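Peer 1: run.cif is the file, holding mmCIF, C-alpha atoms and all ligand atoms:
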```cif
data_protein
loop_
_atom_site.label_atom_id
_atom_site.label_comp_id
_atom_site.auth_asym_id
_atom_site.auth_seq_id
_atom_site.Cartn_x
_atom_site.Cartn_y
_atom_site.Cartn_z
CA MET A 32 78.17 101.47 121.46
CA THR A 33 77.48 101.70 125.21
CA PRO A 34 80.02 103.43 127.49
CA SER A 35 81.02 100.12 129.08
CA GLN A 36 81.77 98.68 125.62
CA ALA A 37 83.72 101.76 124.64
CA THR A 38 86.08 101.41 127.59
CA ALA A 39 86.50 97.65 127.28
CA PRO A 40 89.90 96.57 125.97
CA PRO A 41 89.81 95.43 122.34
CA ALA A 42 89.76 91.68 121.80
CA SER A 43 93.30 90.65 120.99
CA LEU A 44 94.34 87.94 118.62
CA SER A 45 97.82 86.64 119.22
CA ASP A 46 99.91 84.79 116.66
CA ASP A 47 99.21 81.47 118.36
CA THR A 48 95.44 81.90 118.79
CA PRO A 49 93.83 78.97 116.92
CA THR A 50 91.89 80.20 113.87
CA LEU A 51 89.97 78.57 111.03
CA LEU A 52 89.88 79.60 107.39
CA VAL A 53 86.44 78.73 106.05
CA LYS A 54 86.24 78.84 102.25
CA ILE A 55 82.97 78.47 100.34
CA PHE A 56 82.82 78.17 96.56
CA GLY A 57 79.90 77.62 94.19
CA ARG A 58 77.06 79.14 92.20
CA ASP A 59 76.09 82.47 93.76
CA ARG A 60 72.57 83.05 94.99
CA PRO A 61 71.00 85.33 97.59
CA GLY A 62 71.62 84.31 101.17
CA ILE A 63 74.93 82.46 100.90
CA THR A 64 76.91 84.92 103.03
CA ALA A 65 74.17 85.23 105.65
CA GLY A 66 73.77 81.46 105.60
CA LEU A 67 77.44 80.78 106.34
CA PHE A 68 77.56 83.20 109.27
CA GLU A 69 74.23 81.98 110.65
CA THR A 70 75.77 78.49 110.60
CA LEU A 71 78.86 79.75 112.47
CA ALA A 72 76.98 81.94 114.97
CA PRO A 73 76.02 79.22 117.51
CA TYR A 74 79.76 78.49 117.97
CA ALA A 75 80.39 82.07 119.20
CA VAL A 76 83.44 82.49 116.97
CA ASP A 77 84.85 85.96 116.19
CA VAL A 78 85.29 87.14 112.61
CA VAL A 79 88.93 88.08 111.95
CA ASP A 80 88.72 88.69 108.19
CA ILE A 81 86.27 88.25 105.32
CA GLU A 82 86.83 88.39 101.56
CA GLN A 83 84.16 87.66 99.03
CA LEU A 84 84.10 87.93 95.28
CA VAL A 85 81.78 86.86 92.52
CA THR A 86 83.10 86.06 89.07
CA ARG A 87 80.57 85.11 86.39
CA GLY A 88 78.00 83.95 88.89
CA ARG A 89 80.46 81.91 90.98
CA ILE A 90 81.01 83.07 94.55
CA THR A 91 84.23 82.62 96.49
CA LEU A 92 83.73 83.50 100.15
CA CYS A 93 86.60 83.23 102.62
CA ALA A 94 86.06 83.81 106.32
CA LEU A 95 88.88 83.72 108.84
CA VAL A 96 87.34 83.08 112.28
CA THR A 97 88.60 82.17 115.72
CA SER A 98 88.37 78.49 116.59
CA PRO A 99 85.45 77.61 118.88
CA GLY A 100 88.06 75.91 121.11
CA GLY A 101 88.47 72.26 121.96
CA GLY A 102 88.55 69.34 119.55
CA THR A 103 84.88 68.48 119.97
CA ALA A 104 83.54 71.98 119.32
CA GLU A 105 85.76 72.41 116.27
CA GLY A 106 84.74 69.02 114.94
CA GLU A 107 81.06 69.93 115.34
CA LEU A 108 81.59 73.26 113.60
CA ARG A 109 83.27 71.52 110.68
CA ALA A 110 80.46 68.97 110.35
CA THR A 111 77.77 71.66 110.55
CA VAL A 112 79.42 73.88 107.93
CA HIS A 113 79.91 70.95 105.54
CA SER A 114 76.30 69.81 105.85
CA TRP A 115 75.03 73.38 105.35
CA ALA A 116 77.27 73.72 102.26
CA GLU A 117 76.01 70.45 100.84
CA ALA A 118 72.41 71.51 101.41
CA VAL A 119 72.95 74.74 99.41
CA GLY A 120 75.07 73.11 96.70
CA MET A 121 78.39 74.70 97.68
CA GLU A 122 81.86 73.34 98.13
CA ALA A 123 83.40 74.04 101.55
CA GLU A 124 86.96 73.82 102.75
CA ILE A 125 88.03 74.47 106.35
CA ILE A 126 91.70 74.89 107.17
CA SER A 127 93.05 75.09 110.73
CA GLY A 128 95.84 77.47 111.60
CA THR A 129 96.83 80.17 114.03
CA GLY A 130 96.58 83.94 114.19
CA ASP A 131 95.59 86.47 111.55
CA ASN A 132 96.77 86.67 107.91
CA ARG A 133 100.50 87.10 107.50
CA PRO A 134 101.10 90.88 107.63
CA ARG A 135 101.75 92.49 104.24
CA GLY A 136 105.35 93.41 103.57
CA THR A 137 106.59 96.97 103.56
CA GLY A 138 106.86 98.75 100.22
CA ARG A 139 103.30 98.69 98.96
CA SER A 140 102.26 99.59 95.44
CA HIS A 141 99.32 99.50 93.09
CA VAL A 142 100.18 98.04 89.70
CA THR A 143 97.56 98.90 87.07
CA VAL A 144 97.71 96.95 83.82
CA LEU A 145 95.82 98.21 80.77
CA GLY A 146 95.40 95.80 77.87
CA HIS A 147 93.53 96.14 74.62
CA PRO A 148 93.05 93.18 74.80
CA LEU A 149 94.74 91.89 77.93
CA THR A 150 96.18 88.51 76.97
CA ALA A 151 97.04 85.57 79.22
CA GLY A 152 100.64 85.87 78.01
CA SER A 153 101.05 89.51 79.05
CA THR A 154 99.32 88.82 82.38
CA ALA A 155 101.78 85.98 83.00
CA ALA A 156 104.71 88.27 82.19
CA ILE A 157 103.52 91.02 84.54
CA ALA A 158 102.80 88.57 87.38
CA ALA A 159 106.20 86.92 86.92
CA GLY A 160 107.84 90.35 86.77
CA ILE A 161 106.25 91.28 90.10
CA THR A 162 107.23 88.09 91.91
CA GLY A 163 110.69 88.21 90.28
CA THR A 164 111.44 91.35 92.30
CA GLY A 165 110.64 89.43 95.50
CA ALA A 166 107.30 91.16 95.86
CA ASN A 167 104.09 89.48 96.87
CA ILE A 168 100.78 89.87 95.00
CA ASP A 169 98.24 90.44 97.78
CA ARG A 170 95.14 91.10 95.73
CA ILE A 171 94.05 91.33 92.09
CA PHE A 172 90.80 92.79 90.77
CA ARG A 173 89.37 94.22 87.58
CA LEU A 174 88.95 97.99 87.37
CA ALA A 175 87.40 98.15 83.92
CA LYS A 176 86.41 96.15 80.89
CA TYR A 177 85.78 99.19 78.68
CA PRO A 178 87.30 100.86 76.69
CA VAL A 179 90.23 98.67 77.73
CA THR A 180 90.63 95.81 80.17
CA ALA A 181 92.20 97.28 83.31
CA VAL A 182 93.34 95.13 86.20
CA GLU A 183 94.93 96.24 89.46
CA PHE A 184 97.47 94.18 91.38
CA ASP A 185 98.03 95.23 94.99
CA VAL A 186 101.61 94.36 95.73
CA SER A 187 103.88 94.47 98.77
CA GLY A 188 107.47 93.72 99.64
CA THR A 189 109.38 95.70 96.98
CA ALA A 190 110.12 99.41 96.51
CA THR A 191 107.75 101.11 94.08
CA GLU A 192 110.67 102.40 91.96
CA THR A 193 112.08 98.88 91.52
CA LEU A 194 108.73 97.52 90.38
CA ARG A 195 108.30 100.44 88.01
CA THR A 196 111.64 99.79 86.32
CA VAL A 197 111.11 96.04 85.95
CA LEU A 198 107.50 96.26 84.81
CA ALA A 199 108.16 99.06 82.31
CA GLN A 200 110.37 96.60 80.41
CA GLU A 201 107.76 93.84 80.53
CA ALA A 202 105.05 96.28 79.44
CA ALA A 203 107.04 97.41 76.41
CA ARG A 204 107.84 93.82 75.46
CA HIS A 205 104.20 92.70 75.65
CA GLY A 206 102.40 95.76 74.32
CA VAL A 207 100.43 96.58 77.47
CA ASP A 208 100.48 99.68 79.68
CA VAL A 209 101.60 99.29 83.26
CA ALA A 210 101.43 102.03 85.87
CA VAL A 211 103.02 101.57 89.27
CA VAL A 212 102.09 103.99 92.02
CA ALA A 213 102.91 103.92 95.70
CA SER A 214 100.10 102.85 97.96
CA GLY A 215 98.92 105.03 100.79
CA LEU A 216 96.87 108.08 101.55
CA ALA A 217 98.67 110.18 98.93
CA ARG A 218 96.89 108.27 96.17
CA ARG A 219 93.49 109.06 97.63
CA ALA A 220 94.46 112.64 98.22
CA GLN A 221 95.33 113.52 94.62
CA ARG A 222 93.28 116.56 93.98
CA LEU A 223 94.56 118.45 90.94
CA VAL A 224 94.97 117.16 87.39
CA VAL A 225 96.74 119.34 84.84
CA MET A 226 96.74 118.36 81.19
CA ASP A 227 98.52 119.36 78.07
CA VAL A 228 96.09 120.23 75.26
CA ASP A 229 97.45 119.42 71.79
CA SER A 230 97.52 115.65 71.18
CA THR A 231 96.46 115.09 74.81
CA LEU A 232 93.10 116.69 75.67
CA ILE A 233 92.43 117.11 71.96
CA GLN A 234 93.49 114.98 69.03
CA ASP A 235 94.87 117.89 67.02
CA GLU A 236 97.86 120.21 67.06
CA VAL A 237 96.13 123.59 67.00
CA ILE A 238 98.90 125.39 65.17
CA GLU A 239 98.55 122.87 62.34
CA LEU A 240 94.84 123.66 62.12
CA PHE A 241 95.76 127.34 61.71
CA ALA A 242 98.47 126.46 59.20
CA GLU A 243 95.93 124.70 56.96
CA HIS A 244 94.41 128.15 56.40
CA ALA A 245 97.80 129.75 55.68
CA ASP A 246 99.00 127.21 53.12
CA CYS A 247 102.05 126.38 55.21
CA ALA A 248 100.76 123.16 56.80
CA GLY A 249 103.73 121.05 55.72
CA GLN A 250 106.32 123.50 57.06
CA VAL A 251 104.51 123.90 60.39
CA ALA A 252 103.97 120.15 60.88
CA GLU A 253 107.66 119.47 60.32
CA VAL A 254 108.75 122.08 62.88
CA THR A 255 106.13 120.82 65.38
CA ALA A 256 107.30 117.23 65.05
CA ARG A 257 110.92 118.24 65.63
CA ALA A 258 110.01 120.34 68.68
CA MET A 259 107.91 117.54 70.23
CA ARG A 260 110.76 115.09 69.75
CA GLY A 261 112.91 117.50 71.72
CA GLU A 262 115.15 118.40 68.76
CA LEU A 263 114.28 122.09 68.75
CA ASP A 264 113.93 124.64 71.50
CA PHE A 265 110.19 125.04 71.97
CA GLU A 266 110.15 128.83 72.21
CA GLN A 267 112.16 129.27 68.99
CA SER A 268 109.99 126.77 67.20
CA LEU A 269 106.84 128.48 68.46
CA HIS A 270 107.93 131.86 67.14
CA ALA A 271 109.04 130.33 63.82
CA ARG A 272 105.67 128.64 63.32
CA VAL A 273 103.52 131.56 64.47
CA GLU A 274 105.37 133.84 62.03
CA LEU A 275 104.08 131.66 59.22
CA LEU A 276 100.53 132.58 60.26
CA ALA A 277 101.06 136.35 59.78
CA GLY A 278 98.28 137.98 57.77
CA LEU A 279 95.60 135.31 58.47
CA ASP A 280 92.16 136.79 58.98
CA VAL A 281 90.94 136.54 62.60
CA SER A 282 87.78 134.74 61.39
CA VAL A 283 90.01 131.67 61.06
CA VAL A 284 90.04 131.41 64.88
CA GLU A 285 86.37 130.40 64.92
CA GLN A 286 86.93 127.83 62.16
CA VAL A 287 89.85 126.34 64.10
CA ARG A 288 87.77 126.14 67.29
CA LYS A 289 85.11 124.21 65.39
CA ALA A 290 87.69 121.86 63.88
CA VAL A 291 89.16 120.84 67.25
CA ARG A 292 88.35 117.21 68.15
CA LEU A 293 88.41 116.17 71.79
CA THR A 294 90.32 112.97 72.55
CA PRO A 295 87.99 110.00 73.21
CA GLY A 296 87.30 109.81 76.94
CA ALA A 297 88.20 113.48 77.57
CA ARG A 298 84.70 114.47 78.67
CA THR A 299 84.37 111.37 80.87
CA LEU A 300 87.72 112.07 82.51
CA VAL A 301 86.96 115.71 83.29
CA ARG A 302 83.36 115.05 84.37
CA THR A 303 84.38 112.24 86.72
CA LEU A 304 87.30 114.16 88.23
CA LYS A 305 85.06 117.16 88.88
CA ARG A 306 82.46 114.95 90.58
CA LEU A 307 85.19 113.60 92.83
CA GLY A 308 86.11 117.12 93.84
CA PHE A 309 89.31 117.35 91.81
CA GLN A 310 90.36 120.62 90.27
CA VAL A 311 91.27 120.27 86.62
CA GLY A 312 93.39 122.54 84.45
CA VAL A 313 95.13 122.75 81.11
CA VAL A 314 98.46 124.25 80.14
CA SER A 315 99.19 124.61 76.48
CA GLY A 316 101.97 125.69 74.19
CA GLY A 317 99.04 126.40 71.86
CA PHE A 318 96.74 129.38 72.07
CA THR A 319 94.24 130.96 74.45
CA GLN A 320 92.03 131.57 71.42
CA VAL A 321 91.29 127.80 71.63
CA THR A 322 91.95 126.92 75.29
CA ASP A 323 89.52 129.58 76.57
CA ALA A 324 86.74 127.87 74.62
CA LEU A 325 87.77 124.45 75.95
CA GLN A 326 87.86 125.80 79.50
CA ALA A 327 84.30 127.10 79.17
CA GLU A 328 83.02 123.97 77.42
CA LEU A 329 84.49 121.49 79.91
CA GLY A 330 84.23 123.62 83.06
CA LEU A 331 87.98 123.59 83.71
CA ASP A 332 89.29 125.38 86.79
CA PHE A 333 92.53 126.55 85.23
CA ALA A 334 93.78 127.23 81.72
CA SER A 335 96.90 128.91 80.44
CA ALA A 336 98.37 129.16 76.95
CA ASN A 337 100.04 131.57 74.53
CA THR A 338 97.96 134.30 72.91
CA LEU A 339 98.10 135.02 69.19
CA GLU A 340 98.39 138.75 68.62
CA VAL A 341 95.65 140.22 66.47
CA VAL A 342 95.88 143.72 64.94
CA ASP A 343 93.23 145.17 62.60
CA GLY A 344 91.49 141.82 62.27
CA LYS A 345 94.64 139.95 61.19
CA LEU A 346 97.08 137.65 63.01
CA THR A 347 100.41 139.45 63.24
CA GLY A 348 102.54 136.33 63.41
CA ARG A 349 103.52 137.12 67.00
CA VAL A 350 102.38 135.94 70.42
CA THR A 351 101.79 138.30 73.32
CA GLY A 352 102.65 137.88 76.97
CA GLU A 353 104.67 135.26 78.75
CA VAL A 354 105.46 132.28 76.52
CA VAL A 355 104.21 128.92 77.79
CA ASP A 356 107.13 126.63 77.03
CA ARG A 357 108.59 123.56 78.74
CA ALA A 358 109.69 125.43 81.88
CA GLY A 359 106.52 127.53 81.76
CA LYS A 360 104.30 124.46 81.91
CA ALA A 361 106.00 123.23 85.09
CA ARG A 362 105.77 126.74 86.55
CA LEU A 363 102.03 126.84 85.80
CA LEU A 364 101.50 123.43 87.40
CA ARG A 365 103.10 124.81 90.58
CA ARG A 366 101.01 127.98 90.37
CA PHE A 367 97.73 126.07 89.86
CA ALA A 368 98.62 123.73 92.74
CA SER A 369 99.30 126.67 95.00
CA GLU A 370 96.03 128.38 93.99
CA ALA A 371 94.11 125.12 94.46
CA GLY A 372 95.75 124.57 97.86
CA VAL A 373 97.03 121.15 96.75
CA PRO A 374 100.59 120.00 97.55
CA LEU A 375 102.61 119.26 94.42
CA ALA A 376 102.93 115.61 95.51
CA GLN A 377 99.16 115.31 95.15
CA THR A 378 99.01 116.54 91.57
CA VAL A 379 98.70 114.52 88.38
CA ALA A 380 100.07 115.84 85.08
CA ILE A 381 99.28 114.37 81.66
CA GLY A 382 101.08 115.17 78.43
CA ASP A 383 102.57 113.79 75.24
CA GLY A 384 105.40 116.09 74.16
CA ALA A 385 108.95 116.90 75.18
CA ASN A 386 107.70 120.30 76.38
CA ASP A 387 105.57 118.46 78.97
CA LEU A 388 108.49 116.66 80.59
CA ASP A 389 109.28 119.23 83.31
CA MET A 390 105.61 119.33 84.26
CA LEU A 391 105.31 115.52 84.28
CA ASN A 392 108.37 115.22 86.50
CA ALA A 393 107.25 118.00 88.88
CA ALA A 394 103.84 116.37 89.45
CA GLY A 395 103.17 113.67 92.04
CA LEU A 396 102.20 111.41 89.15
CA GLY A 397 103.30 112.17 85.59
CA VAL A 398 101.42 110.33 82.86
CA ALA A 399 102.87 110.17 79.33
CA PHE A 400 99.79 109.92 77.10
CA ASN A 401 100.43 108.29 73.72
CA ALA A 402 103.69 110.14 74.00
CA LYS A 403 106.86 110.41 71.96
CA PRO A 404 109.48 107.83 73.10
CA VAL A 405 111.64 110.47 74.84
CA VAL A 406 108.65 111.42 77.00
CA ARG A 407 107.46 107.86 77.60
CA GLU A 408 110.82 106.80 78.92
CA ALA A 409 111.16 109.73 81.32
CA ALA A 410 107.64 109.81 82.78
CA HIS A 411 106.43 107.96 85.89
CA THR A 412 103.94 106.07 83.81
CA ALA A 413 102.72 105.77 80.24
CA VAL A 414 99.34 105.17 78.66
CA ASN A 415 99.46 104.07 75.03
CA VAL A 416 95.79 103.42 74.37
CA PRO A 417 93.93 106.35 72.77
CA PHE A 418 91.36 106.84 75.54
CA LEU A 419 91.95 109.66 78.01
CA ASP A 420 89.52 108.26 80.61
CA THR A 421 91.90 105.33 81.21
CA VAL A 422 93.82 107.79 83.43
CA LEU A 423 90.98 107.31 85.93
CA TYR A 424 92.02 103.67 86.33
CA LEU A 425 95.54 104.74 87.27
CA LEU A 426 93.91 106.65 90.13
CA GLY A 427 92.12 103.46 91.23
CA ILE A 428 88.69 104.57 90.00
CA THR A 429 86.69 101.74 88.47
CA ARG A 430 84.53 101.83 85.34
CA ASP A 431 81.55 100.76 87.45
CA GLU A 432 81.99 103.82 89.65
CA VAL A 433 82.21 106.08 86.59
CA GLU A 434 79.06 104.60 85.04
CA ALA A 435 77.11 104.57 88.31
CA ALA A 436 77.88 108.27 88.75
CA ASP A 437 76.70 108.97 85.18
CA ILE A 438 73.39 107.20 85.83
CA ALA A 439 72.88 108.93 89.19
CA GLU A 440 73.31 112.39 87.65
MG MG A 501 100.94 117.97 73.26
#
```
For the structure just supplied, provide its representation as C-alpha cells.

Peer 2:
Amino acid sequence: MTPSQATAPPASLSDDTPTLLVKIFGRDRPGITAGLFETLAPYAVDVVDIEQLVTRGRITLCALVTSPGGGTAEGELRATVHSWAEAVGMEAEIISGTGDNRPRGTGRSHVTVLGHPLTAGSTAAIAAGITGTGANIDRIFRLAKYPVTAVEFDVSGTATETLRTVLAQEAARHGVDVAVVASGLARRAQRLVVMDVDSTLIQDEVIELFAEHADCAGQVAEVTARAMRGELDFEQSLHARVELLAGLDVSVVEQVRKAVRLTPGARTLVRTLKRLGFQVGVVSGGFTQVTDALQAELGLDFASANTLEVVDGKLTGRVTGEVVDRAGKARLLRRFASEAGVPLAQTVAIGDGANDLDMLNAAGLGVAFNAKPVVREAAHTAVNVPFLDTVLYLLGITRDEVEAADIAE
C-alpha cells in the first residue's frame, strides 16, 4: 500500500447504496471464480462480500457488489454476466438491493451437532429449535464426516444459555449431541484442556483392573458405580476400595499399565491439541502408578492423581499424599491453568463422573463425555459418542484440518 492510499478515507457503503447480489450455481471447474470477477471487472464495481462453497462438485458462488450505477450500465452488466454464465454452463441470478448484508444480531453462538448418523429428522429438530428461540441461522457447514458427522451452525440473535437449554432437550429427544458455545475470541483463545482419566482418556476404571488381581472385582465395581453416580462420598469410597487391594504384589502395577486401553480418538485429540499449542493435562481419582505412564506416553503437560502406597513390595491398601477427589480435581484445574498462564475462562475440562462436576463447572467449557446422567445434565455440553477426538469439533477444529496436519508431520 502506498502512503497516499494509506491515508485515503475508506470507501463507505451506506444503507441506501445500490448493490447487486450475483449468484452463480453449477458444476464446479477451474476458473469459475476468476471468470465471474473478470466479467464484472470492466464495470468497476466494488466487492462488498463473497461466499463460495462446493458440495459434491456443485459450486455456489455469491458475490455482493456495488451497482455500476445508472440503468444502462446495470442492464449491460446483467446481460454480460448471463451470457458468460451460459457460455460456461452455469446458472446465474442477479438480485438488486441496497447496502451490505443485514448485520448479524447480538448474542452469537456456535452450535455443533454430532450425529452417528446425523438424520434429516434430527437436523430438522435442531434447526427448528434454533429458530424457535428467535435466533437466526447465519451459516452452516460440515466440520467432520468421521468418526461422526459433525455440523456447525453459526447462530445470532439469542443468548447462548437460552439456546443451550432448548437444544439440550431436542438433542436428548433425537439421540444426537449438541454443544452450544458463545462465539468470540474466547473460543479461539482456549489453551488448556484437562481431562479425567478413568472412562474418559482411557476406557477402563483402573481400580477395577487392580481388583481383578485381588479377587474383589465385584465389590470394587459396585462401590465405583455408586461413587460415580454421586451416591457415595468419593474420598470414603476411594479408601474403602483401596483397602481391598492390601497385600497385592507391586508387580501387578505393570500388568495393570499394560491392560489400560486408551479411548478411541485419545491420541488424535492430544496430538492435535499439542500441535495447536494447547497445554494438556489429566487429573485422576485413580493412581499415579498409571497416570505417570500415560503422561510420558502421550506427552501431557500436567498429571495429578492419588498414589498407592507400597511397602516391602506390597500394596498397603492406603494412598499417600493429598487425595484427588471432586474438590481436588477443580483445585488442580485452577493450579494447572495458573501454571500454564491461561485464564480459567479459556480452559476446557472433560470428564464422565460425579467427581468431575466441580472441574467441569469451573472450566470455561465443561464437556461431559459419555457421562452418567447426573453429570450430563449439569455440564455445559455433553458428548455421547465413544470417540474422544470429537471434542476437537466442539472447539471448531475440522476433520480436514486434523488430517492435513497428520499428513504434513
Ligand atoms: Mg472417570

Peer 1: Let me have all residues with an atom within 7 Å of ligand MG 501 (chain A), counting all atoms listed in the file, laid out as number ranges by chain.

Peer 2: A: 227-231, 382-384

Peer 1: Tell me, counting only C-alpha atoms, for each residue of range 210-249 of chain A within 7 Å of range 264-287 of chain A, which pair of atoms is nearest and how far apart they are in Å to one decimal, in rows ordered by chain and increasing number, as CSV.

Peer 2:
```
residue,atom,partner,partner_atom,distance
A:Leu240,CA,A:Val287,CA,6.0
A:Phe241,CA,A:Val287,CA,6.5
A:Ala242,CA,A:Leu276,CA,6.5
A:Ala245,CA,A:Leu276,CA,6.0
A:Cys247,CA,A:Leu275,CA,6.9
```

Peer 1: Which residues are close to range 57-72 of chain A, i.e. within 10 Å by all atoms listed in the file, leaving aside same-chain residues fewer than 4 positions away? Reply as an mmCIF file with C-alpha atoms, in the frame of the given file.

Peer 2:
```cif
data_model
loop_
_atom_site.group_PDB
_atom_site.id
_atom_site.type_symbol
_atom_site.label_atom_id
_atom_site.label_comp_id
_atom_site.auth_asym_id
_atom_site.auth_seq_id
_atom_site.Cartn_x
_atom_site.Cartn_y
_atom_site.Cartn_z
ATOM 1 C CA VAL A 53 86.440 78.730 106.050
ATOM 2 C CA VAL A 76 83.440 82.490 116.970
ATOM 3 C CA ASP A 77 84.850 85.960 116.190
ATOM 4 C CA VAL A 78 85.290 87.140 112.610
ATOM 5 C CA GLN A 83 84.160 87.660 99.030
ATOM 6 C CA LEU A 84 84.100 87.930 95.280
ATOM 7 C CA VAL A 85 81.780 86.860 92.520
ATOM 8 C CA THR A 86 83.100 86.060 89.070
ATOM 9 C CA ARG A 87 80.570 85.110 86.390
ATOM 10 C CA GLY A 88 78.000 83.950 88.890
ATOM 11 C CA ARG A 89 80.460 81.910 90.980
ATOM 12 C CA ILE A 90 81.010 83.070 94.550
ATOM 13 C CA THR A 91 84.230 82.620 96.490
ATOM 14 C CA LEU A 92 83.730 83.500 100.150
ATOM 15 C CA CYS A 93 86.600 83.230 102.620
ATOM 16 C CA ALA A 94 86.060 83.810 106.320
ATOM 17 C CA VAL A 96 87.340 83.080 112.280
ATOM 18 C CA PRO A 99 85.450 77.610 118.880
ATOM 19 C CA LEU A 108 81.590 73.260 113.600
ATOM 20 C CA ARG A 109 83.270 71.520 110.680
ATOM 21 C CA THR A 111 77.770 71.660 110.550
ATOM 22 C CA VAL A 112 79.420 73.880 107.930
ATOM 23 C CA HIS A 113 79.910 70.950 105.540
ATOM 24 C CA SER A 114 76.300 69.810 105.850
ATOM 25 C CA TRP A 115 75.030 73.380 105.350
ATOM 26 C CA ALA A 116 77.270 73.720 102.260
ATOM 27 C CA VAL A 119 72.950 74.740 99.410
ATOM 28 C CA GLY A 120 75.070 73.110 96.700
ATOM 29 C CA MET A 121 78.390 74.700 97.680
ATOM 30 C CA GLU A 122 81.860 73.340 98.130
ATOM 31 C CA ALA A 123 83.400 74.040 101.550
#
```

Peer 1: Within 9 Å of Leu300 in chain A, counting only C-alpha atoms, which residues show up once you throw out same-chain ones fewer than 5 positions away? Write them as a ChimeraX atom specification, please.

Peer 2: /A:305,419-423

Peer 1: For a test of reading the model, state the distance in Å between CA of Glu253 in chain A and CA of Pro295 in chain A, rounded to one decimal.

Peer 2: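 Value for the CA of Glu253 in chain A-CA of Pro295 in chain A distance: 25.4 Å.
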
Peer 1: Between A:Ala252, A:Ala324, A:Val211, A:Ala203, which has the minimum distance to Ile161 in chain A (counting all atoms listed in the file)?

Peer 2: A:Val211

Peer 1: Just the residues within 10 Å of His411 in chain A, please, counting only C-alpha atoms, with nothing from its chain fewer than 5 positions along; format it as a list in words.

Peer 2: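 With the cut-off at 10 Å, the set is Glu192, Arg195, Thr196, Ala199, Ala210, Val211, Val212, Leu391, Asn392, Ala394, Gly395, Leu396, Gly397, Val398, Ala399 and Val406 of chain A.
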
Peer 1: If I wrap all listed atoms of range 302-315 of chain A in a box with edges along x, y and z and add 3 Å on each side, what are its centre and edge lengths in Å to one decimal, as AutoDock Vina command-line options?

Peer 2:
```
--center_x 90.8 --center_y 118.4 --center_z 85.2 --size_x 22.7 --size_y 18.4 --size_z 23.4
```

Peer 1: In Å to one decimal, how far is CA of Ala213 in chain A from CA of Arg298 in chain A?

Peer 2: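 Between these atoms lies a distance of 27.1 Å.
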
Peer 1: Would you work out the distance separating CA of Arg365 in chain A from CA of Ala220 in chain A, expressed in Å to one decimal?

Peer 2: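 Straight-line distance from CA of Arg365 in chain A to CA of Ala220 in chain A works out to 16.8 Å.
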
Peer 1: What are the nearest atom pairs, with distances in Å to one decimal, for all residues of range 321-436 of chain A that come at most 8 Å from range 141-156 of chain A, using only C-alpha atoms, set out by chain and rising residue number as a Markdown table?

Peer 2:
```
| residue | atom | partner | partner_atom | distance |
| --- | --- | --- | --- | --- |
| A:Val416 | CA | A:His147 | CA | 7.6 |
| A:Tyr424 | CA | A:Thr143 | CA | 7.3 |
| A:Leu425 | CA | A:Thr143 | CA | 6.2 |
```

Peer 1: Those selected residues, please, written with C-alpha atoms and delivered as a PDB file, keeping the file's coordinate frame.

Peer 2:
```pdb
ATOM      1  CA  VAL A 416      95.790 103.420  74.370  1.00  0.00           C
ATOM      2  CA  TYR A 424      92.020 103.670  86.330  1.00  0.00           C
ATOM      3  CA  LEU A 425      95.540 104.740  87.270  1.00  0.00           C
TER       4      LEU A 425
END
```
